[in-house]
>>> print(open('query.tsv').read())   # TSV, C-alpha atoms
chain	number	residue	atom	x	y	z
Z	1	MET	CA	-29.41	81.71	69.88
Z	2	THR	CA	-29.20	85.40	70.36
Z	3	ILE	CA	-32.17	87.48	71.15
Z	4	SER	CA	-32.10	88.90	67.71
Z	5	GLU	CA	-32.35	85.43	66.25
Z	6	ARG	CA	-35.33	84.44	68.41
Z	7	PRO	CA	-38.44	83.70	66.32
Z	8	SER	CA	-41.34	85.97	66.97
Z	9	THR	CA	-44.21	84.43	68.86
Z	10	ALA	CA	-46.72	87.08	67.62
Z	11	PRO	CA	-48.93	85.94	64.81
Z	12	GLU	CA	-48.23	87.50	61.46
Z	13	ARG	CA	-50.61	90.24	60.52
Z	14	ALA	CA	-51.97	90.33	57.06
Z	15	ALA	CA	-51.08	93.39	55.07
Z	16	PRO	CA	-53.92	95.90	55.05
Z	17	ALA	CA	-56.13	95.82	51.98
Z	18	PRO	CA	-55.54	98.72	49.70
Z	19	THR	CA	-58.07	101.54	50.15
Z	20	PRO	CA	-60.13	101.96	47.05
Z	21	GLU	CA	-59.53	105.29	45.41
Z	22	ARG	CA	-62.39	107.68	45.80
Z	23	ALA	CA	-63.51	109.68	42.86
Z	24	ALA	CA	-63.02	113.40	43.33
Z	25	PRO	CA	-66.31	115.08	44.12
Z	26	GLU	CA	-67.85	116.76	41.14
Z	27	GLN	CA	-67.48	120.50	41.35
Z	28	ALA	CA	-70.48	122.59	40.59
Z	29	PRO	CA	-69.92	124.78	37.59
Z	30	GLU	CA	-68.75	128.21	38.61
Z	31	GLU	CA	-71.50	130.76	38.43
Z	32	ALA	CA	-70.66	134.08	36.88
Z	33	ALA	CA	-70.26	136.74	39.51
Z	34	PRO	CA	-73.23	139.08	39.51
Z	35	ARG	CA	-72.55	142.24	37.60
Z	36	PRO	CA	-72.21	145.23	39.93
Z	37	ALA	CA	-75.07	147.66	39.57
Z	38	ARG	CA	-74.15	150.69	37.52
Z	39	PRO	CA	-76.02	153.98	37.78
Z	40	VAL	CA	-77.78	155.24	34.65
Z	41	ALA	CA	-77.05	158.54	32.93
Z	42	LEU	CA	-79.41	160.04	30.35
Z	43	ILE	CA	-77.58	162.34	27.93
Z	44	THR	CA	-79.37	164.38	25.28
Z	45	GLY	CA	-77.87	165.57	22.00
Z	46	VAL	CA	-75.53	162.69	21.20
Z	47	GLY	CA	-75.94	162.73	17.44
Z	48	ARG	CA	-72.36	162.91	16.15
Z	49	SER	CA	-69.24	161.04	17.15
Z	50	ILE	CA	-67.16	164.24	17.39
Z	51	GLY	CA	-69.76	166.12	19.43
Z	52	ILE	CA	-69.59	167.17	23.07
Z	53	GLY	CA	-72.47	164.85	23.95
Z	54	ALA	CA	-70.62	161.84	22.59
Z	55	GLY	CA	-67.49	162.84	24.52
Z	56	ILE	CA	-69.50	163.01	27.75
Z	57	ALA	CA	-71.11	159.64	27.03
Z	58	ARG	CA	-67.71	157.99	26.52
Z	59	GLN	CA	-66.32	159.48	29.74
Z	60	LEU	CA	-69.29	158.45	31.89
Z	61	ALA	CA	-69.26	154.94	30.42
Z	62	ALA	CA	-65.57	154.64	31.31
Z	63	SER	CA	-66.38	155.86	34.84
Z	64	GLY	CA	-68.92	153.13	35.49
Z	65	TRP	CA	-72.21	154.48	34.20
Z	66	ASP	CA	-74.76	152.87	31.93
Z	67	VAL	CA	-75.81	155.39	29.30
Z	68	ALA	CA	-79.07	156.22	27.58
Z	69	PHE	CA	-78.72	158.95	24.97
Z	70	THR	CA	-80.91	160.83	22.55
Z	71	TYR	CA	-80.21	162.02	19.02
Z	72	TRP	CA	-82.18	163.66	16.22
Z	73	THR	CA	-80.77	163.07	12.74
Z	74	PRO	CA	-83.03	165.56	10.87
Z	75	TYR	CA	-81.43	168.43	12.81
Z	76	ASP	CA	-77.91	167.47	11.73
Z	77	ARG	CA	-79.16	166.92	8.21
Z	78	ARG	CA	-80.25	170.55	7.84
Z	79	MET	CA	-77.05	171.95	9.35
Z	80	GLU	CA	-73.93	172.75	7.33
Z	81	TRP	CA	-72.01	169.80	8.76
Z	82	GLY	CA	-74.66	167.29	7.68
Z	83	ALA	CA	-75.78	164.04	9.28
Z	84	GLU	CA	-73.28	161.32	10.21
Z	85	ASP	CA	-74.63	158.02	8.95
Z	86	GLY	CA	-74.73	155.29	11.59
Z	87	ALA	CA	-73.42	157.61	14.34
Z	88	ALA	CA	-75.84	156.44	17.03
Z	89	ALA	CA	-75.07	152.75	16.48
Z	90	SER	CA	-71.33	153.45	16.36
Z	91	ILE	CA	-71.38	155.47	19.59
Z	92	ALA	CA	-73.46	152.78	21.29
Z	93	ARG	CA	-70.87	150.14	20.34
Z	94	GLU	CA	-68.08	152.27	21.81
Z	95	LEU	CA	-69.94	152.62	25.08
Z	96	GLU	CA	-70.67	148.89	25.23
Z	97	ASN	CA	-66.99	148.15	24.65
Z	98	ALA	CA	-66.32	150.31	27.72
Z	99	GLY	CA	-68.63	148.06	29.77
Z	100	ALA	CA	-71.83	150.11	29.63
Z	101	ARG	CA	-75.31	149.02	28.79
Z	102	THR	CA	-76.74	151.52	26.34
Z	103	ALA	CA	-80.02	152.77	24.92
Z	104	ALA	CA	-79.98	155.03	21.86
Z	105	ILE	CA	-83.27	156.93	21.59
Z	106	GLU	CA	-84.16	159.04	18.57
Z	107	ALA	CA	-86.30	161.95	19.73
Z	108	ASP	CA	-87.57	165.24	18.33
Z	109	LEU	CA	-87.42	167.61	21.29
Z	110	THR	CA	-89.71	170.16	19.65
Z	111	GLY	CA	-92.60	167.92	20.75
Z	112	PRO	CA	-93.78	168.50	24.34
Z	113	ASP	CA	-94.49	164.79	24.80
Z	114	ALA	CA	-90.91	163.77	23.95
Z	115	PRO	CA	-89.46	163.93	27.51
Z	116	VAL	CA	-92.00	161.46	28.91
Z	117	ARG	CA	-91.36	159.03	26.07
Z	118	ILE	CA	-87.58	159.37	26.47
Z	119	PHE	CA	-87.70	158.59	30.20
Z	120	ASP	CA	-90.12	155.72	29.64
Z	121	GLU	CA	-87.77	154.08	27.15
Z	122	ALA	CA	-84.61	154.76	29.17
Z	123	GLU	CA	-86.14	153.26	32.32
Z	124	GLN	CA	-87.57	150.27	30.50
Z	125	ARG	CA	-84.23	149.40	28.92
Z	126	LEU	CA	-81.73	150.41	31.62
Z	127	GLY	CA	-83.53	151.30	34.84
Z	128	PRO	CA	-84.07	154.52	36.82
Z	129	VAL	CA	-82.05	157.54	35.72
Z	130	THR	CA	-79.57	158.96	38.24
Z	131	ALA	CA	-77.87	161.66	36.15
Z	132	LEU	CA	-79.48	163.88	33.51
Z	133	VAL	CA	-77.05	165.67	31.18
Z	134	LEU	CA	-78.58	168.18	28.76
Z	135	SER	CA	-76.26	168.69	25.78
Z	136	HIS	CA	-78.85	169.09	23.01
Z	137	ALA	CA	-79.31	172.37	21.17
Z	138	GLU	CA	-81.09	174.13	18.37
Z	139	SER	CA	-78.58	176.60	16.97
Z	140	VAL	CA	-79.14	178.53	13.75
Z	141	ASP	CA	-77.36	181.85	13.34
Z	142	SER	CA	-79.58	184.92	13.08
Z	143	GLY	CA	-79.71	188.33	14.72
Z	144	LEU	CA	-82.21	190.82	16.06
Z	145	LEU	CA	-83.40	191.97	12.63
Z	146	ASP	CA	-83.49	188.73	10.68
Z	147	THR	CA	-84.70	186.11	13.20
Z	148	THR	CA	-88.09	184.75	12.20
Z	149	VAL	CA	-90.85	184.02	14.67
Z	150	ALA	CA	-90.76	180.35	13.66
Z	151	ALA	CA	-87.00	180.12	14.32
Z	152	PHE	CA	-87.35	181.95	17.65
Z	153	ASP	CA	-90.12	179.60	18.78
Z	154	ARG	CA	-88.19	176.50	17.69
Z	155	HIS	CA	-85.08	177.58	19.62
Z	156	PHE	CA	-87.10	178.10	22.78
Z	157	ALA	CA	-89.02	174.86	22.27
Z	158	VAL	CA	-85.80	172.82	22.11
Z	159	ASN	CA	-83.33	174.72	24.29
Z	160	ALA	CA	-85.67	175.96	27.03
Z	161	ARG	CA	-89.03	174.18	27.04
Z	162	ALA	CA	-87.67	170.68	26.37
Z	163	SER	CA	-84.98	171.21	29.00
Z	164	TRP	CA	-87.59	172.26	31.55
Z	165	LEU	CA	-89.79	169.26	30.72
Z	166	LEU	CA	-86.83	166.86	30.92
Z	167	ILE	CA	-85.79	168.27	34.30
Z	168	ARG	CA	-89.39	168.14	35.51
Z	169	GLU	CA	-89.77	164.52	34.40
Z	170	TYR	CA	-86.49	163.65	36.11
Z	171	GLY	CA	-87.67	165.29	39.34
Z	172	LEU	CA	-91.02	163.49	39.24
Z	173	ARG	CA	-89.34	160.09	38.84
Z	174	PHE	CA	-86.15	160.37	40.91
Z	175	ARG	CA	-86.24	158.25	44.06
Z	176	GLY	CA	-82.67	158.58	45.32
Z	177	GLY	CA	-81.34	156.09	47.84
Z	178	PRO	CA	-77.88	154.65	48.46
Z	179	GLU	CA	-78.07	152.39	45.43
Z	180	SER	CA	-79.05	155.12	43.01
Z	181	GLY	CA	-75.64	156.45	42.06
Z	182	PRO	CA	-71.88	156.41	42.59
Z	183	ARG	CA	-71.20	157.09	46.25
Z	184	GLU	CA	-68.40	156.99	48.78
Z	185	PRO	CA	-68.70	154.93	51.97
Z	186	GLY	CA	-70.71	156.89	54.48
Z	187	ALA	CA	-71.94	159.41	51.93
Z	188	GLY	CA	-75.29	160.93	52.70
Z	189	ALA	CA	-78.06	161.97	50.38
Z	190	GLY	CA	-77.08	163.60	47.12
Z	191	ALA	CA	-76.71	160.97	44.41
Z	192	GLY	CA	-78.88	162.75	41.85
Z	193	ARG	CA	-77.24	164.93	39.22
Z	194	ILE	CA	-78.42	167.42	36.61
Z	195	VAL	CA	-75.86	169.09	34.34
Z	196	ALA	CA	-76.87	171.39	31.47
Z	197	LEU	CA	-74.58	172.81	28.78
Z	198	THR	CA	-75.05	176.48	27.95
Z	199	SER	CA	-73.53	179.28	25.89
Z	200	ASP	CA	-72.94	183.01	26.36
Z	201	HIS	CA	-73.12	183.73	22.64
Z	202	THR	CA	-75.82	186.22	21.65
Z	203	VAL	CA	-74.54	188.62	18.97
Z	204	GLY	CA	-75.62	187.34	15.59
Z	205	ASN	CA	-77.09	184.31	17.31
Z	206	LEU	CA	-80.00	185.85	19.17
Z	207	PRO	CA	-82.51	182.98	19.53
Z	208	TYR	CA	-79.80	180.52	20.52
Z	209	GLY	CA	-78.25	182.79	23.14
Z	210	ALA	CA	-81.59	183.93	24.55
Z	211	SER	CA	-82.95	180.39	24.85
Z	212	LYS	CA	-79.73	179.21	26.49
Z	213	GLY	CA	-80.11	182.02	29.01
Z	214	ALA	CA	-83.54	180.63	29.84
Z	215	LEU	CA	-82.00	177.16	30.19
Z	216	ASP	CA	-79.55	178.54	32.77
Z	217	ARG	CA	-82.36	179.86	34.96
Z	218	ILE	CA	-84.38	176.66	34.71
Z	219	THR	CA	-81.40	174.51	35.72
Z	220	LEU	CA	-80.34	176.75	38.58
Z	221	ALA	CA	-83.91	176.71	39.89
Z	222	ALA	CA	-83.67	172.91	40.01
Z	223	ALA	CA	-80.68	173.17	42.36
Z	224	HIS	CA	-83.07	174.59	44.98
Z	225	GLU	CA	-86.43	173.10	44.09
Z	226	LEU	CA	-85.10	169.53	43.86
Z	227	ALA	CA	-82.77	169.78	46.85
Z	228	HIS	CA	-85.16	167.74	48.99
Z	229	LEU	CA	-84.56	164.80	46.63
Z	230	GLY	CA	-80.79	164.92	47.08
Z	231	VAL	CA	-80.24	166.28	43.56
Z	232	THR	CA	-77.58	168.78	42.52
Z	233	ALA	CA	-77.98	170.91	39.38
Z	234	ASN	CA	-75.28	172.89	37.61
Z	235	VAL	CA	-74.74	174.64	34.30
Z	236	VAL	CA	-71.50	174.29	32.30
Z	237	ASN	CA	-70.36	176.71	29.62
Z	238	PRO	CA	-67.85	174.67	27.59
Z	239	GLY	CA	-66.44	177.67	25.74
Z	240	PRO	CA	-65.17	177.43	22.16
Z	241	VAL	CA	-65.21	173.76	21.23
Z	242	ASP	CA	-64.85	173.03	17.52
Z	243	THR	CA	-67.13	170.14	16.66
Z	244	GLY	CA	-67.20	170.96	12.95
Z	245	TRP	CA	-68.97	174.32	12.95
Z	246	MET	CA	-65.92	176.64	12.85
Z	247	ASN	CA	-64.27	177.94	9.68
Z	248	ASP	CA	-60.53	178.49	9.48
Z	249	ASP	CA	-60.67	182.23	10.22
Z	250	LEU	CA	-62.86	181.77	13.31
Z	251	ARG	CA	-60.74	178.89	14.55
Z	252	GLU	CA	-57.57	180.99	14.26
Z	253	ALA	CA	-59.13	184.06	15.91
Z	254	ILE	CA	-60.45	182.10	18.89
Z	255	THR	CA	-57.13	180.29	19.35
Z	256	ARG	CA	-55.31	183.64	19.46
Z	257	GLY	CA	-57.81	184.99	22.00
Z	258	THR	CA	-57.53	182.06	24.41
Z	259	PRO	CA	-54.77	182.29	27.06
Z	260	LEU	CA	-54.01	178.59	26.71
Z	261	GLY	CA	-53.55	179.01	22.97
Z	262	ARG	CA	-55.90	176.26	21.84
Z	263	LEU	CA	-59.54	175.41	21.32
Z	264	GLY	CA	-61.55	173.37	23.73
Z	265	THR	CA	-62.24	169.70	23.13
Z	266	PRO	CA	-65.23	167.49	23.96
Z	267	GLN	CA	-62.96	165.74	26.46
Z	268	ASP	CA	-62.41	168.99	28.37
Z	269	THR	CA	-66.15	169.29	28.94
Z	270	ALA	CA	-66.54	165.57	29.60
Z	271	HIS	CA	-64.01	165.60	32.43
Z	272	LEU	CA	-65.87	168.41	34.21
Z	273	VAL	CA	-69.26	166.73	33.77
Z	274	ASP	CA	-67.76	163.46	35.01
Z	275	PHE	CA	-66.53	165.22	38.16
Z	276	LEU	CA	-69.90	166.89	38.78
Z	277	CYS	CA	-71.62	163.49	38.47
Z	278	SER	CA	-69.18	161.81	40.87
Z	279	PRO	CA	-69.36	161.64	44.68
Z	280	GLN	CA	-66.44	164.08	44.77
Z	281	GLY	CA	-68.56	166.68	42.94
Z	282	GLN	CA	-71.42	166.47	45.41
Z	283	TRP	CA	-70.73	169.83	47.06
Z	284	VAL	CA	-70.88	171.80	43.79
Z	285	ASN	CA	-74.47	172.90	43.32
Z	286	GLY	CA	-76.41	175.74	41.72
Z	287	GLN	CA	-73.38	177.01	39.78
Z	288	LEU	CA	-72.72	178.28	36.26
Z	289	LEU	CA	-69.21	177.02	35.56
Z	290	LYS	CA	-67.04	178.26	32.71
Z	291	SER	CA	-64.76	175.61	31.26
Z	292	ASN	CA	-63.30	177.76	28.50
Z	293	GLY	CA	-59.56	178.01	28.97
Z	294	GLY	CA	-59.92	181.66	30.01
Z	295	ALA	CA	-61.36	182.73	26.67
Z	296	ALA	CA	-62.92	186.19	26.72
Z	297	PRO	CA	-66.71	186.23	26.22
>>> encode(input="query.tsv", output="structure tokens")
Amino acid sequence: MTISERPSTAPERAAPAPTPERAAPEQAPEEAAPRPARPVALITGVGRSIGIGAGIARQLAASGWDVAFTYWTPYDRRMEWGAEDGAAASIARELENAGARTAAIEADLTGPDAPVRIFDEAEQRLGPVTALVLSHAESVDSGLLDTTVAAFDRHFAVNARASWLLIREYGLRFRGGPESGPREPGAGAGAGRIVALTSDHTVGNLPYGASKGALDRITLAAAHELAHLGVTANVVNPGPVDTGWMNDDLREAITRGTPLGRLGTPQDTAHLVDFLCSPQGQWVNGQLLKSNGGAAP
């Protein structure tokens, strides 16, 4: 017998019992990731989908802002372009589709109590306001000889007094802090933003131009008086933007008089406001900026 044929003297080992299969541990349902905090912008004068205010709202929503906006349908109703039915709801849906929470607030800015109510509602629905953009206006053509006292007072109530009260309310409530607005890593104070839209038109449009001049001074004062809060304040003159108020002759004349050979668009203004509200626009403060394609005044 060869070694290979020798029977083994070791006892046979039983085959190991099969290991029972363990059930896979139940996985906890995935929780939705918390939504990143978005700063809140309050924009006035967003009553029509083709307006400058609506263009600014769309741009800021796309840039990561939640947006509260005001509108006042009776004003559009008495203007030659008329009211746009359902505009506020339609604009709000657009902003929500861009990822923004929204609050549409109807407000008559001729009332001195309107700014407090607007901020109360915006804060209740969206949170503290980081950027205030003033794009509302009362604008009815009349000159030195035919402007009525009532029209003059209404222009100043909306364009100057309401703007002052909105800026004042913003300054009283603004708390700043790293979480209050869009910032770059290591950025210091300066998250707060105020941007007001103005006009240099006066001839044949006296109460509008004069009240916008007052708006300029109010806003530029805020650049200094609110500096301790980390707030910048600038004025933007958007130049000739046709949002339905131009006739064919005026449109053609302005186009010929603009070096770039076209009219402005709401998007032109929106891009500048977006920059001023961004961390990159932090160093621009106390300025009256013309975004008008080089158009002569």
>>> residues_around(input="query.tsv", residues="Z:Ile194", least_positions_apart="2", cutoff="7 Å", atoms="only C-alpha atoms", output="list in words")
Ala131, Leu132, Val133, Ala196, Thr232, Ala233 and Asn234 of chain Z
>>> residues_around(input="query.tsv", residues="stretch 253-258 of chain Z", least_positions_apart="5", cutoff="7 Å", atoms="only C-alpha atoms", output="PyMOL selection string")
chain Z and resi 263+293-295
>>> write_last_selection(input="query.tsv", atoms="C-alpha atoms", output="mmCIF file, in the frame of the given file")
data_model
loop_
_atom_site.group_PDB
_atom_site.id
_atom_site.type_symbol
_atom_site.label_atom_id
_atom_site.label_comp_id
_atom_site.auth_asym_id
_atom_site.auth_seq_id
_atom_site.Cartn_x
_atom_site.Cartn_y
_atom_site.Cartn_z
ATOM 1 C CA LEU Z 263 -59.540 175.410 21.320
ATOM 2 C CA GLY Z 293 -59.560 178.010 28.970
ATOM 3 C CA GLY Z 294 -59.920 181.660 30.010
ATOM 4 C CA ALA Z 295 -61.360 182.730 26.670
#
>>> atom_distance(input="query.tsv", atom1="atom CA of Z:Ile91", atom2="atom CA of Z:Leu60")
12.8 Å
>>> closest_residue(input="query.tsv", among="Z:Gly64, Z:Gly171, Z:Gly230, Z:Gly176", to="Z:Ala98", atoms="only C-alpha atoms")
Z:Gly64
>>> atom_distance(input="query.tsv", atom1="atom CA of Z:Asn205", atom2="atom CA of Z:Ala157")
16.0 Å
>>> residues_around(input="query.tsv", residues="stretch 111-127 of chain Z", least_positions_apart="3", cutoff="9 Å", atoms="all atoms listed in the file", output="JSON, numbers by chain")
{"Z": [39, 40, 42, 66, 67, 68, 69, 70, 101, 102, 103, 104, 105, 106, 107, 108, 157, 158, 161, 162, 163, 165, 166, 167, 169, 170, 173]}
>>> residues_around(input="query.tsv", residues="Z:Ala137", least_positions_apart="3", cutoff="8 Å", atoms="only C-alpha atoms", output="PyMOL selection string")
chain Z and resi 45+155+158-159
>>> residues_around(input="query.tsv", residues="Z:Arg58", least_positions_apart="3", cutoff="8 Å", atoms="only C-alpha atoms", output="list in words")
Ala54, Gly55, Ala61, Ala62, Glu94, Leu95 and Ala98 of chain Z
>>> closest_residue(input="query.tsv", among="Z:Asp242, Z:Gly51, Z:Val129, Z:Ser63", to="Z:Ala88", atoms="all atoms listed in the file")
Z:Gly51
>>> closest_residue(input="query.tsv", among="Z:Val140, Z:Leu288, Z:Asn247, Z:Ala227", to="Z:Gly213", atoms="all atoms listed in the file")
Z:Leu288
>>> closest_residue(input="query.tsv", among="Z:Ala57, Z:Trp283, Z:His136, Z:Ser90", to="Z:Tyr75", atoms="only C-alpha atoms")
Z:His136
>>> atom_distance(input="query.tsv", atom1="atom CA of Z:Thr44", atom2="atom CA of Z:Trp72")
9.5 Å
>>> closest_residue(input="query.tsv", among="Z:Thr130, Z:Gln59, Z:Asn285, Z:Ser49", to="Z:Ala222", atoms="only C-alpha atoms")
Z:Asn285
>>> closest_residue(input="query.tsv", among="Z:Asp141, Z:Asp146, Z:Glu225, Z:Asp200", to="Z:Arg168", atoms="all atoms listed in the file")
Z:Glu225
>>> residues_near_point(input="query.tsv", point="(-65.3, 170.2, 30.9)", cutoff="9 Å", atoms="only C-alpha atoms", output="ChimeraX atom specification")
/Z:56,236-238,264-275,290-292
>>> write_last_selection(input="query.tsv", atoms="C-alpha atoms", output="PDB file, in the frame of the given file")
ATOM      1  CA  ILE Z  56     -69.500 163.010  27.750  1.00  0.00           C
ATOM      2  CA  VAL Z 236     -71.500 174.290  32.300  1.00  0.00           C
ATOM      3  CA  ASN Z 237     -70.360 176.710  29.620  1.00  0.00           C
ATOM      4  CA  PRO Z 238     -67.850 174.670  27.590  1.00  0.00           C
ATOM      5  CA  GLY Z 264     -61.550 173.370  23.730  1.00  0.00           C
ATOM      6  CA  THR Z 265     -62.240 169.700  23.130  1.00  0.00           C
ATOM      7  CA  PRO Z 266     -65.230 167.490  23.960  1.00  0.00           C
ATOM      8  CA  GLN Z 267     -62.960 165.740  26.460  1.00  0.00           C
ATOM      9  CA  ASP Z 268     -62.410 168.990  28.370  1.00  0.00           C
ATOM     10  CA  THR Z 269     -66.150 169.290  28.940  1.00  0.00           C
ATOM     11  CA  ALA Z 270     -66.540 165.570  29.600  1.00  0.00           C
ATOM     12  CA  HIS Z 271     -64.010 165.600  32.430  1.00  0.00           C
ATOM     13  CA  LEU Z 272     -65.870 168.410  34.210  1.00  0.00           C
ATOM     14  CA  VAL Z 273     -69.260 166.730  33.770  1.00  0.00           C
ATOM     15  CA  ASP Z 274     -67.760 163.460  35.010  1.00  0.00           C
ATOM     16  CA  PHE Z 275     -66.530 165.220  38.160  1.00  0.00           C
ATOM     17  CA  LYS Z 290     -67.040 178.260  32.710  1.00  0.00           C
ATOM     18  CA  SER Z 291     -64.760 175.610  31.260  1.00  0.00           C
ATOM     19  CA  ASN Z 292     -63.300 177.760  28.500  1.00  0.00           C
TER      20      ASN Z 292
END
>>> decode(input="query.tsv", residues="stretch 206-229 of chain Z", atoms="C-alpha atoms", output="compact mmCIF listing (two decimals), in the first residue's frame")
# COMPACT_ATOMS: atom_id res chain seq x y z
CA LEU Z 206 -42.32 118.27 -14.14
CA PRO Z 207 -43.78 116.50 -11.08
CA TYR Z 208 -42.29 113.16 -12.09
CA GLY Z 209 -38.81 114.55 -12.70
CA ALA Z 210 -38.81 116.74 -9.60
CA SER Z 211 -39.98 113.93 -7.31
CA LYS Z 212 -37.40 111.56 -8.79
CA GLY Z 213 -34.74 114.16 -8.04
CA ALA Z 214 -35.87 114.07 -4.41
CA LEU Z 215 -35.68 110.26 -4.50
CA ASP Z 216 -32.05 110.49 -5.61
CA ARG Z 217 -31.09 112.62 -2.61
CA ILE Z 218 -32.95 110.40 -0.15
CA THR Z 219 -31.25 107.26 -1.45
CA LEU Z 220 -27.78 108.78 -1.55
CA ALA Z 221 -28.25 109.97 2.03
CA ALA Z 222 -28.92 106.35 3.00
CA ALA Z 223 -25.49 105.35 1.65
CA HIS Z 224 -23.97 107.38 4.50
CA GLU Z 225 -26.58 107.29 7.23
CA LEU Z 226 -27.01 103.50 7.07
CA ALA Z 227 -23.33 102.70 6.58
CA HIS Z 228 -23.01 101.55 10.19
CA LEU Z 229 -25.46 98.75 9.38
